[in-house]
$ cat query-v6.cif   # mmCIF, C-alpha atoms
data_final
loop_
_atom_site.label_atom_id
_atom_site.label_comp_id
_atom_site.auth_asym_id
_atom_site.auth_seq_id
_atom_site.Cartn_x
_atom_site.Cartn_y
_atom_site.Cartn_z
CA MET Y 1 -15.62 -4.88 -1.77
CA LYS Y 2 -13.43 -5.40 -4.82
CA VAL Y 3 -9.65 -4.95 -4.61
CA ARG Y 4 -7.67 -4.77 -7.86
CA VAL Y 5 -3.88 -5.05 -7.73
CA LEU Y 6 -2.44 -2.48 -10.14
CA GLY Y 7 1.15 -2.82 -8.98
CA CYS Y 8 2.95 -4.68 -6.20
CA SER Y 9 6.63 -4.75 -7.17
CA GLY Y 10 9.47 -3.25 -5.16
CA ALA Y 11 10.95 -1.67 -8.30
CA ILE Y 12 10.33 -1.38 -12.03
CA ALA Y 13 11.24 -3.79 -14.81
CA LYS Y 14 9.28 -5.39 -17.65
CA ASP Y 15 5.87 -6.40 -16.26
CA CYS Y 16 6.84 -5.03 -12.82
CA ARG Y 17 4.81 -2.09 -11.57
CA THR Y 18 5.16 -0.41 -8.21
CA THR Y 19 2.60 -0.34 -5.45
CA SER Y 20 -0.99 0.65 -6.09
CA PHE Y 21 -4.34 -0.93 -5.26
CA LEU Y 22 -7.73 0.12 -6.66
CA LEU Y 23 -10.63 -0.38 -4.25
CA GLY Y 24 -13.90 -0.41 -6.11
CA THR Y 25 -13.58 2.26 -8.78
CA LYS Y 26 -13.00 5.42 -6.75
CA VAL Y 27 -10.31 4.73 -4.14
CA LEU Y 28 -6.58 4.16 -4.51
CA ILE Y 29 -4.26 2.88 -1.83
CA ASP Y 30 -0.89 4.27 -2.96
CA ALA Y 31 -0.22 5.56 -6.45
CA GLY Y 32 2.82 3.76 -7.82
CA THR Y 33 3.50 3.06 -11.48
CA GLY Y 34 0.72 0.47 -11.64
CA VAL Y 35 -1.76 3.34 -11.99
CA GLY Y 36 -0.49 3.78 -15.53
CA ASP Y 37 -2.33 0.62 -16.61
CA LEU Y 38 -5.69 2.27 -15.97
CA THR Y 39 -7.60 3.83 -18.82
CA LEU Y 40 -8.13 7.58 -18.79
CA ASP Y 41 -11.77 7.05 -17.82
CA GLU Y 42 -10.78 4.74 -14.98
CA MET Y 43 -8.30 7.30 -13.66
CA GLN Y 44 -10.87 10.06 -13.96
CA ASP Y 45 -13.26 8.03 -11.80
CA ILE Y 46 -10.85 8.03 -8.82
CA ASP Y 47 -11.85 10.48 -6.09
CA HIS Y 48 -9.72 9.40 -3.10
CA VAL Y 49 -6.04 8.44 -2.77
CA PHE Y 50 -4.65 7.09 0.52
CA LEU Y 51 -0.85 7.12 0.77
CA THR Y 52 1.16 4.86 3.05
CA HIS Y 53 4.24 7.11 2.87
CA SER Y 54 6.17 9.52 0.68
CA HIS Y 55 8.62 7.25 -1.17
CA LEU Y 56 8.67 7.56 -4.94
CA ASP Y 57 7.59 3.99 -5.72
CA HIS Y 58 4.31 4.67 -3.86
CA ILE Y 59 3.54 8.13 -5.30
CA ALA Y 60 5.16 8.14 -8.76
CA ALA Y 61 1.95 8.11 -10.82
CA LEU Y 62 0.02 10.61 -8.71
CA PRO Y 63 1.36 13.81 -10.32
CA LEU Y 64 0.89 12.38 -13.81
CA MET Y 65 -2.63 11.11 -13.04
CA LEU Y 66 -3.63 14.57 -11.84
CA ASP Y 67 -2.24 16.12 -15.00
CA ALA Y 68 -4.08 13.59 -17.17
CA THR Y 69 -7.48 13.90 -15.51
CA GLY Y 70 -7.67 17.21 -13.65
CA ALA Y 71 -9.27 19.24 -16.42
CA ARG Y 72 -11.83 16.48 -17.04
CA ARG Y 73 -13.05 16.47 -13.43
CA ASP Y 74 -15.61 18.70 -11.71
CA LYS Y 75 -14.15 18.18 -8.21
CA PRO Y 76 -10.70 17.67 -6.70
CA ILE Y 77 -9.03 14.41 -5.80
CA TYR Y 78 -8.79 14.02 -2.02
CA LEU Y 79 -5.32 12.94 -0.89
CA TYR Y 80 -4.93 11.31 2.54
CA GLY Y 81 -1.79 10.51 4.51
CA LEU Y 82 0.24 11.40 7.55
CA GLN Y 83 0.84 15.13 7.86
CA SER Y 84 4.57 14.51 7.32
CA THR Y 85 3.79 12.59 4.12
CA LEU Y 86 1.62 15.38 2.75
CA ASP Y 87 4.22 17.97 3.75
CA ALA Y 88 6.88 16.01 1.86
CA LEU Y 89 4.76 16.01 -1.30
CA LYS Y 90 4.08 19.72 -0.98
CA ALA Y 91 7.77 20.50 -0.51
CA HIS Y 92 9.32 18.14 -3.03
CA ILE Y 93 6.71 17.26 -5.68
CA PHE Y 94 3.88 19.78 -5.90
CA ASN Y 95 6.24 22.75 -5.56
CA ASP Y 96 6.04 24.35 -9.04
CA VAL Y 97 9.59 23.12 -9.69
CA ILE Y 98 9.28 19.33 -9.99
CA TRP Y 99 5.53 19.54 -10.75
CA PRO Y 100 2.78 22.16 -10.60
CA ASP Y 101 1.11 22.75 -7.26
CA PHE Y 102 -2.25 21.21 -8.09
CA SER Y 103 -3.60 22.23 -4.69
CA GLN Y 104 -3.54 25.81 -6.03
CA ILE Y 105 -4.52 25.38 -9.67
CA PRO Y 106 -6.51 26.06 -11.68
CA SER Y 107 -7.49 28.20 -8.67
CA ILE Y 108 -7.28 28.13 -4.88
CA GLN Y 109 -11.08 27.98 -4.78
CA SER Y 110 -11.29 25.09 -7.25
CA PRO Y 111 -8.05 23.05 -7.17
CA PHE Y 112 -7.33 19.67 -8.72
CA LEU Y 113 -6.05 18.31 -5.37
CA LYS Y 114 -6.94 18.67 -1.69
CA PHE Y 115 -4.88 17.36 1.23
CA PHE Y 116 -6.40 15.57 4.22
CA PRO Y 117 -4.03 14.52 7.04
CA VAL Y 118 -4.79 11.31 8.93
CA GLU Y 119 -3.28 9.79 12.06
CA VAL Y 120 -2.73 6.22 13.20
CA GLY Y 121 -6.03 4.75 14.36
CA GLN Y 122 -8.12 7.27 12.43
CA GLN Y 123 -11.01 5.82 10.44
CA THR Y 124 -12.31 7.47 7.28
CA LEU Y 125 -15.57 6.49 5.58
CA VAL Y 126 -15.47 6.87 1.79
CA ASN Y 127 -17.76 5.25 -0.77
CA GLY Y 128 -19.14 2.85 1.84
CA MET Y 129 -15.64 1.66 2.82
CA LEU Y 130 -14.21 2.22 6.30
CA ILE Y 131 -10.49 2.86 5.90
CA GLU Y 132 -8.39 2.75 9.07
CA ALA Y 133 -4.80 4.00 9.28
CA LEU Y 134 -2.58 1.33 10.85
CA PRO Y 135 0.85 1.75 12.46
CA ALA Y 136 4.00 0.92 10.51
CA GLN Y 137 7.75 1.29 11.06
CA HIS Y 138 9.74 2.43 8.05
CA SER Y 139 12.67 4.70 7.17
CA VAL Y 140 10.21 7.59 6.87
CA PRO Y 141 6.90 8.05 8.72
CA ALA Y 142 4.51 5.46 7.30
CA LEU Y 143 1.13 3.79 7.62
CA GLY Y 144 -0.62 0.58 6.72
CA TYR Y 145 -4.36 0.42 6.05
CA ALA Y 146 -7.30 -1.80 6.97
CA VAL Y 147 -10.31 -1.51 4.66
CA CYS Y 148 -13.72 -2.96 5.47
CA GLN Y 149 -17.06 -2.89 3.69
CA ASN Y 150 -19.81 -5.06 5.18
CA GLY Y 151 -17.46 -7.96 5.72
CA PRO Y 152 -13.91 -8.99 6.58
CA CYS Y 153 -11.08 -6.48 6.22
CA TRP Y 154 -8.45 -6.23 3.54
CA ILE Y 155 -5.23 -5.30 5.32
CA PHE Y 156 -2.11 -3.81 3.74
CA THR Y 157 0.96 -3.38 5.92
CA GLY Y 158 2.57 -0.85 3.62
CA ASP Y 159 6.35 -0.69 3.82
CA THR Y 160 7.32 -1.74 7.33
CA GLY Y 161 9.86 -3.50 9.44
CA ALA Y 162 9.07 -4.95 12.86
CA CYS Y 163 5.98 -3.23 14.27
CA PRO Y 164 4.35 -4.83 17.34
CA ASP Y 165 1.57 -2.21 17.43
CA LEU Y 166 0.46 -3.26 13.95
CA TRP Y 167 -0.16 -6.84 15.06
CA LEU Y 168 -1.98 -5.76 18.21
CA ARG Y 169 -4.52 -4.05 15.96
CA VAL Y 170 -4.61 -6.84 13.35
CA ASN Y 171 -5.57 -9.31 16.07
CA GLN Y 172 -8.56 -7.12 16.95
CA LEU Y 173 -9.91 -7.08 13.39
CA ASN Y 174 -11.93 -9.50 11.29
CA VAL Y 175 -9.28 -10.13 8.64
CA GLY Y 176 -10.15 -11.52 5.23
CA ILE Y 177 -6.83 -10.98 3.44
CA LEU Y 178 -3.46 -9.70 4.62
CA VAL Y 179 -0.93 -8.17 2.21
CA ILE Y 180 2.54 -7.93 3.74
CA GLU Y 181 5.77 -6.67 2.27
CA THR Y 182 8.96 -8.73 1.98
CA ALA Y 183 11.35 -6.54 0.04
CA PHE Y 184 14.63 -8.43 0.42
CA SER Y 185 16.03 -11.95 0.49
CA LYS Y 186 17.75 -13.39 3.56
CA LYS Y 187 21.20 -12.40 2.32
CA GLU Y 188 20.03 -8.76 2.39
CA ARG Y 189 18.68 -8.97 5.95
CA ALA Y 190 20.98 -6.20 7.20
CA LEU Y 191 19.80 -3.89 4.41
CA ALA Y 192 16.18 -4.75 5.14
CA LEU Y 193 16.65 -3.83 8.78
CA LEU Y 194 18.48 -0.61 7.91
CA SER Y 195 15.81 0.51 5.43
CA GLY Y 196 12.73 -0.45 7.42
CA HIS Y 197 11.76 -3.49 5.34
CA LEU Y 198 11.31 -7.23 5.89
CA ASP Y 199 13.18 -10.28 4.64
CA PRO Y 200 11.68 -13.80 4.76
CA GLN Y 201 12.97 -14.53 8.27
CA SER Y 202 11.81 -11.24 9.80
CA MET Y 203 8.51 -11.51 7.91
CA ALA Y 204 7.94 -14.95 9.48
CA GLU Y 205 8.77 -13.49 12.88
CA GLN Y 206 6.17 -10.77 12.36
CA LEU Y 207 3.49 -13.26 11.31
CA ASN Y 208 4.05 -15.15 14.55
CA HIS Y 209 2.33 -12.22 16.31
CA ILE Y 210 -0.98 -13.26 14.69
CA ASP Y 211 -3.31 -15.02 17.12
CA PHE Y 212 -3.53 -18.78 16.54
CA ASP Y 213 -7.31 -18.67 16.11
CA LYS Y 214 -7.01 -16.30 13.14
CA VAL Y 215 -6.68 -17.99 9.76
CA PHE Y 216 -6.66 -16.06 6.49
CA PRO Y 217 -4.66 -15.94 3.23
CA ILE Y 218 -1.46 -13.88 3.26
CA TYR Y 219 -0.03 -12.29 0.12
CA ILE Y 220 3.59 -11.20 -0.29
CA THR Y 221 4.19 -7.83 -1.94
CA HIS Y 222 7.04 -5.41 -2.69
CA THR Y 223 9.63 -8.03 -3.69
CA LYS Y 224 12.56 -6.70 -5.72
CA PRO Y 225 12.30 -7.99 -9.33
CA ALA Y 226 15.81 -9.44 -9.29
CA GLU Y 227 15.09 -11.38 -6.10
CA THR Y 228 11.40 -12.29 -6.34
CA GLU Y 229 11.90 -15.98 -7.08
CA LEU Y 230 14.58 -16.30 -4.40
CA ILE Y 231 12.44 -14.52 -1.82
CA MET Y 232 9.45 -16.74 -2.52
CA ARG Y 233 11.59 -19.90 -2.35
CA GLU Y 234 12.97 -18.78 1.01
CA ILE Y 235 9.48 -18.05 2.31
CA GLU Y 236 8.23 -21.47 1.14
CA GLN Y 237 11.17 -23.17 2.85
CA LEU Y 238 10.54 -21.37 6.13
CA ASN Y 239 6.80 -21.99 5.91
CA GLY Y 240 7.38 -25.71 5.46
CA MET Y 241 9.75 -26.17 8.39
CA GLU Y 242 8.50 -27.92 11.52
CA SER Y 243 10.14 -25.23 13.63
CA HIS Y 244 8.00 -22.51 12.02
CA ARG Y 245 4.29 -21.88 12.20
CA ARG Y 246 2.59 -22.57 8.86
CA PHE Y 247 0.52 -19.93 7.09
CA ASP Y 248 -1.49 -19.78 3.87
CA ILE Y 249 1.06 -17.72 1.90
CA HIS Y 250 0.90 -16.61 -1.75
CA TRP Y 251 2.86 -14.31 -4.04
CA LEU Y 252 0.88 -11.21 -5.03
CA ARG Y 253 0.84 -10.30 -8.71
CA ALA Y 254 -0.37 -7.28 -10.65
CA GLY Y 255 -3.76 -8.11 -12.11
CA HIS Y 256 -4.96 -10.06 -9.09
CA GLU Y 257 -8.51 -9.16 -8.06
CA PHE Y 258 -10.11 -9.97 -4.73
CA SER Y 259 -13.68 -9.69 -3.47
CA LEU Y 260 -14.37 -9.42 0.24
#
$ encode --input "query-v6.cif" --output "structure tokens"
Amino acid sequence: MKVRVLGCSGAIAKDCRTTSFLLGTKVLIDAGTGVGDLTLDEMQDIDHVFLTHSHLDHIAALPLMLDATGARRDKPIYLYGLQSTLDALKAHIFNDVIWPDFSQIPSIQSPFLKFFPVEVGQQTLVNGMLIEALPAQHSVPALGYAVCQNGPCWIFTGDTGACPDLWLRVNQLNVGILVIETAFSKKERALALLSGHLDPQSMAEQLNHIDFDKVFPIYITHTKPAETELIMREIEQLNGMESHRRFDIHWLRAGHEFSL
């Protein structure tokens, strides 16, 4: 299984693109601004989009991608997410005010977009990949995802604060790579807690839920551009302290590709 990082920033700036991962050639996990780096043919090849939640940085490119490729396709894009996430997109994006309702055009019988609600724990098999919806705790209903294809799983926490149920499931899986958000630096810990995000200290506390016999690389995503270097320094400091458990931690960058 090939995972291509299209975007992994917590906001936009030069060379900073928001969250989106391309799995193989036909599956997206989230549809942030990183999708805009795909060619038209690459976008047209995407058949399935799995959303973690409804926030703009994770869905921004979806309406534009549909507009760019819909008429070139002979079947709809399948959009997966919590029912509340799909309802939010129907009400606030695909509402014929902000953007056309592509679930109804060019016709109800042959739309550009179809919605498929998923629940925590649900597994969906697409293109030989088993995609499981994982629990998350955010300021809106949210998911993470575990993706497996004949080998260890690629796990993405999505946007989340403390979530014990997530780690219960992670410890049951054969993990190859874990991608975890750390949106704020330590000085913004109160804001991270309020908004359902992690800072370096709370991220380290969450990682301590991982069983000691599980060892795999961990990649940090969703850092704010203005604080990325500070966040990574703080993580490195915590990870090097004798009082903290040490993990194999890296900073995720757009353009990274992984094979599992």
$ closest_residue --input "query-v6.cif" --among "Y:Pro164, Y:Pro225, Y:Gly121, Y:Pro141" --to "Thr182 (chain Y)" --atoms "only C-alpha atoms"
Y:Pro225
$ resolve_selection --input "query-v6.cif" --expression "the PyMOL selection byres ((chain Y and resi 11-20) around 6)" --output "PDB file with C-alpha atoms, keeping the file's coordinate frame"
ATOM      1  CA  LEU Y   6      -2.440  -2.480 -10.140  1.00  0.00           C
ATOM      2  CA  GLY Y   7       1.150  -2.820  -8.980  1.00  0.00           C
ATOM      3  CA  CYS Y   8       2.950  -4.680  -6.200  1.00  0.00           C
ATOM      4  CA  SER Y   9       6.630  -4.750  -7.170  1.00  0.00           C
ATOM      5  CA  GLY Y  10       9.470  -3.250  -5.160  1.00  0.00           C
ATOM      6  CA  PHE Y  21      -4.340  -0.930  -5.260  1.00  0.00           C
ATOM      7  CA  ILE Y  29      -4.260   2.880  -1.830  1.00  0.00           C
ATOM      8  CA  ASP Y  30      -0.890   4.270  -2.960  1.00  0.00           C
ATOM      9  CA  ALA Y  31      -0.220   5.560  -6.450  1.00  0.00           C
ATOM     10  CA  GLY Y  32       2.820   3.760  -7.820  1.00  0.00           C
ATOM     11  CA  THR Y  33       3.500   3.060 -11.480  1.00  0.00           C
ATOM     12  CA  GLY Y  34       0.720   0.470 -11.640  1.00  0.00           C
ATOM     13  CA  ASP Y  57       7.590   3.990  -5.720  1.00  0.00           C
ATOM     14  CA  HIS Y  58       4.310   4.670  -3.860  1.00  0.00           C
ATOM     15  CA  LYS Y 224      12.560  -6.700  -5.720  1.00  0.00           C
TER      16      LYS Y 224
END
$ residues_around --input "query-v6.cif" --residues "Asp87 (chain Y)" --least-positions-apart "6" --cutoff "12 Å" --atoms "all atoms listed in the file" --output "ChimeraX atom specification"
/Y:53-54,79-81,93-95,115-117,141
$ resolve_selection --input "query-v6.cif" --expression "the PyMOL selection byres ((chain Y and resi 241-246) around 10)" --output "list in words"
Ala204, Glu205, Leu207, Asn208, Phe212, Glu236, Gln237, Leu238, Asn239, Gly240, Phe247, Asp248 and Ile249 of chain Y
$ closest_residue --input "query-v6.cif" --among "Y:Leu82, Y:Val126, Y:Asp199, Y:His92" --to "Leu28 (chain Y)" --atoms "all atoms listed in the file"
Y:Val126
$ residues_around --input "query-v6.cif" --residues "Val27 (chain Y)" --least-positions-apart "3" --cutoff "9 Å" --atoms "only C-alpha atoms" --output "number ranges by chain"
Y: 21-24, 45-50, 126-127
$ resolve_selection --input "query-v6.cif" --expression "the PyMOL selection byres ((chain Y and resi 44) around 8)" --output "list in words"
Leu40, Asp41, Glu42, Met43, Asp45, Ile46, Asp47, Thr69, Gly70, Arg72 and Arg73 of chain Y
$ atom_distance --input "query-v6.cif" --atom1 "CA of Val179 (chain Y)" --atom2 "CA of Lys114 (chain Y)"
27.8 Å
$ closest_residue --input "query-v6.cif" --among "Y:Thr157, Y:Leu191, Y:Gln172, Y:Asp165" --to "Thr221 (chain Y)" --atoms "all atoms listed in the file"
Y:Thr157
$ atom_distance --input "query-v6.cif" --atom1 "CA of Leu252 (chain Y)" --atom2 "CA of Asn150 (chain Y)"
23.9 Å
$ atom_distance --input "query-v6.cif" --atom1 "CA of Val140 (chain Y)" --atom2 "CA of Gly161 (chain Y)"
11.4 Å
$ residues_around --input "query-v6.cif" --residues "Leu260 (chain Y)" --least-positions-apart "2" --cutoff "12 Å" --atoms "only C-alpha atoms" --output "PyMOL selection string"
chain Y and resi 1-4+23-24+129+147-155+174-178+216+257-258
$ axis_aligned_box --input "query-v6.cif" --around "region 158-173 of chain Y" --padding-each-side "5 Å" --output "lines of an AutoDock Vina configuration file"
center_x = 0.0
center_y = -5.0
center_z = 10.9
size_x = 29.8
size_y = 18.6
size_z = 24.6
$ closest_residue --input "query-v6.cif" --among "Y:Pro63, Y:Gly255, Y:Pro217, Y:Gly196" --to "Ser139 (chain Y)" --atoms "all atoms listed in the file"
Y:Gly196
$ closest_residue --input "query-v6.cif" --among "Y:Glu119, Y:Asp37, Y:Glu188, Y:Glu181" --to "Ile218 (chain Y)" --atoms "only C-alpha atoms"
Y:Glu181
$ residues_near_point --input "query-v6.cif" --point "(-1.3, -10.4, 14.1)" --cutoff "6 Å" --atoms "only C-alpha atoms" --output "compact mmCIF listing (two decimals) with C-alpha atoms, in the coordinates of the input"
# COMPACT_ATOMS: atom_id res chain seq x y z
CA TRP Y 167 -0.16 -6.84 15.06
CA VAL Y 170 -4.61 -6.84 13.35
CA ASN Y 171 -5.57 -9.31 16.07
CA HIS Y 209 2.33 -12.22 16.31
CA ILE Y 210 -0.98 -13.26 14.69
CA ASP Y 211 -3.31 -15.02 17.12
$ closest_residue --input "query-v6.cif" --among "Y:Ala142, Y:Ile131, Y:Trp99, Y:Leu125" --to "Met65 (chain Y)" --atoms "only C-alpha atoms"
Y:Trp99
$ residues_near_point --input "query-v6.cif" --point "(3.3, 3.8, 7.0)" --cutoff "7 Å" --atoms "only C-alpha atoms" --output "ChimeraX atom specification"
/Y:52-53,135-138,141-144,158-160
$ write_last_selection --input "query-v6.cif" --atoms "C-alpha atoms" --output "CSV table (one decimal), in the frame of the given file"
chain,number,residue,atom,x,y,z
Y,52,THR,CA,1.2,4.9,3.0
Y,53,HIS,CA,4.2,7.1,2.9
Y,135,PRO,CA,0.8,1.8,12.5
Y,136,ALA,CA,4.0,0.9,10.5
Y,137,GLN,CA,7.8,1.3,11.1
Y,138,HIS,CA,9.7,2.4,8.0
Y,141,PRO,CA,6.9,8.0,8.7
Y,142,ALA,CA,4.5,5.5,7.3
Y,143,LEU,CA,1.1,3.8,7.6
Y,144,GLY,CA,-0.6,0.6,6.7
Y,158,GLY,CA,2.6,-0.8,3.6
Y,159,ASP,CA,6.4,-0.7,3.8
Y,160,THR,CA,7.3,-1.7,7.3
$ build_atoms --input "query-v6.cif" --residues "region 191-201 of chain Y" --atoms "all heavy atoms" --output "short mmCIF file (atom, residue, chain, number, x, y, z; two decimals), keeping the file's coordinate frame"
data_model
loop_
_atom_site.label_atom_id
_atom_site.label_comp_id
_atom_site.auth_asym_id
_atom_site.auth_seq_id
_atom_site.Cartn_x
_atom_site.Cartn_y
_atom_site.Cartn_z
N LEU Y 191 20.35 -5.01 5.17
CA LEU Y 191 19.80 -3.89 4.41
C LEU Y 191 18.32 -3.71 4.69
O LEU Y 191 17.82 -2.58 4.79
CB LEU Y 191 20.05 -4.10 2.92
CG LEU Y 191 19.56 -3.00 1.98
CD1 LEU Y 191 20.17 -1.66 2.35
CD2 LEU Y 191 19.88 -3.37 0.52
N ALA Y 192 17.60 -4.83 4.81
CA ALA Y 192 16.18 -4.75 5.14
C ALA Y 192 15.97 -4.06 6.48
O ALA Y 192 15.12 -3.17 6.61
CB ALA Y 192 15.57 -6.15 5.17
N LEU Y 193 16.76 -4.44 7.46
CA LEU Y 193 16.65 -3.83 8.78
C LEU Y 193 16.99 -2.35 8.73
O LEU Y 193 16.28 -1.51 9.31
CB LEU Y 193 17.59 -4.55 9.76
CG LEU Y 193 17.61 -4.03 11.20
CD1 LEU Y 193 16.24 -4.21 11.85
CD2 LEU Y 193 18.68 -4.76 12.02
N LEU Y 194 18.05 -2.00 8.01
CA LEU Y 194 18.48 -0.61 7.91
C LEU Y 194 17.43 0.26 7.23
O LEU Y 194 17.23 1.42 7.62
CB LEU Y 194 19.80 -0.55 7.14
CG LEU Y 194 20.43 0.83 6.95
CD1 LEU Y 194 20.87 1.40 8.29
CD2 LEU Y 194 21.62 0.74 6.00
N SER Y 195 16.75 -0.29 6.24
CA SER Y 195 15.81 0.51 5.43
C SER Y 195 14.36 0.38 5.86
O SER Y 195 13.47 0.94 5.20
CB SER Y 195 15.95 0.11 3.96
OG SER Y 195 15.68 -1.27 3.78
N GLY Y 196 14.10 -0.34 6.94
CA GLY Y 196 12.73 -0.45 7.42
C GLY Y 196 11.89 -1.37 6.57
O GLY Y 196 10.71 -1.08 6.30
N HIS Y 197 12.47 -2.49 6.14
CA HIS Y 197 11.76 -3.49 5.34
C HIS Y 197 11.87 -4.85 6.02
O HIS Y 197 12.53 -5.00 7.06
CB HIS Y 197 12.33 -3.56 3.93
CG HIS Y 197 11.92 -2.44 3.04
ND1 HIS Y 197 10.65 -2.31 2.53
CD2 HIS Y 197 12.63 -1.39 2.55
CE1 HIS Y 197 10.59 -1.23 1.76
NE2 HIS Y 197 11.77 -0.66 1.76
N LEU Y 198 11.26 -5.86 5.40
CA LEU Y 198 11.31 -7.23 5.89
C LEU Y 198 12.04 -8.13 4.90
O LEU Y 198 12.02 -7.89 3.70
CB LEU Y 198 9.90 -7.77 6.12
CG LEU Y 198 9.04 -7.04 7.17
CD1 LEU Y 198 7.62 -7.59 7.15
CD2 LEU Y 198 9.64 -7.15 8.56
N ASP Y 199 12.68 -9.16 5.43
CA ASP Y 199 13.18 -10.28 4.64
C ASP Y 199 12.37 -11.50 5.07
O ASP Y 199 11.55 -11.41 5.99
CB ASP Y 199 14.68 -10.48 4.89
CG ASP Y 199 14.94 -11.04 6.27
OD1 ASP Y 199 14.75 -10.33 7.28
OD2 ASP Y 199 15.31 -12.22 6.35
N PRO Y 200 12.52 -12.65 4.42
CA PRO Y 200 11.68 -13.80 4.76
C PRO Y 200 11.72 -14.18 6.24
O PRO Y 200 10.67 -14.49 6.83
CB PRO Y 200 12.24 -14.92 3.89
CG PRO Y 200 12.70 -14.21 2.66
CD PRO Y 200 13.30 -12.93 3.19
N GLN Y 201 12.89 -14.15 6.87
CA GLN Y 201 12.97 -14.53 8.27
C GLN Y 201 12.24 -13.53 9.16
O GLN Y 201 11.44 -13.91 10.03
CB GLN Y 201 14.43 -14.62 8.71
CG GLN Y 201 14.62 -15.03 10.16
CD GLN Y 201 14.12 -16.43 10.45
OE1 GLN Y 201 14.42 -17.37 9.71
NE2 GLN Y 201 13.35 -16.59 11.51
#
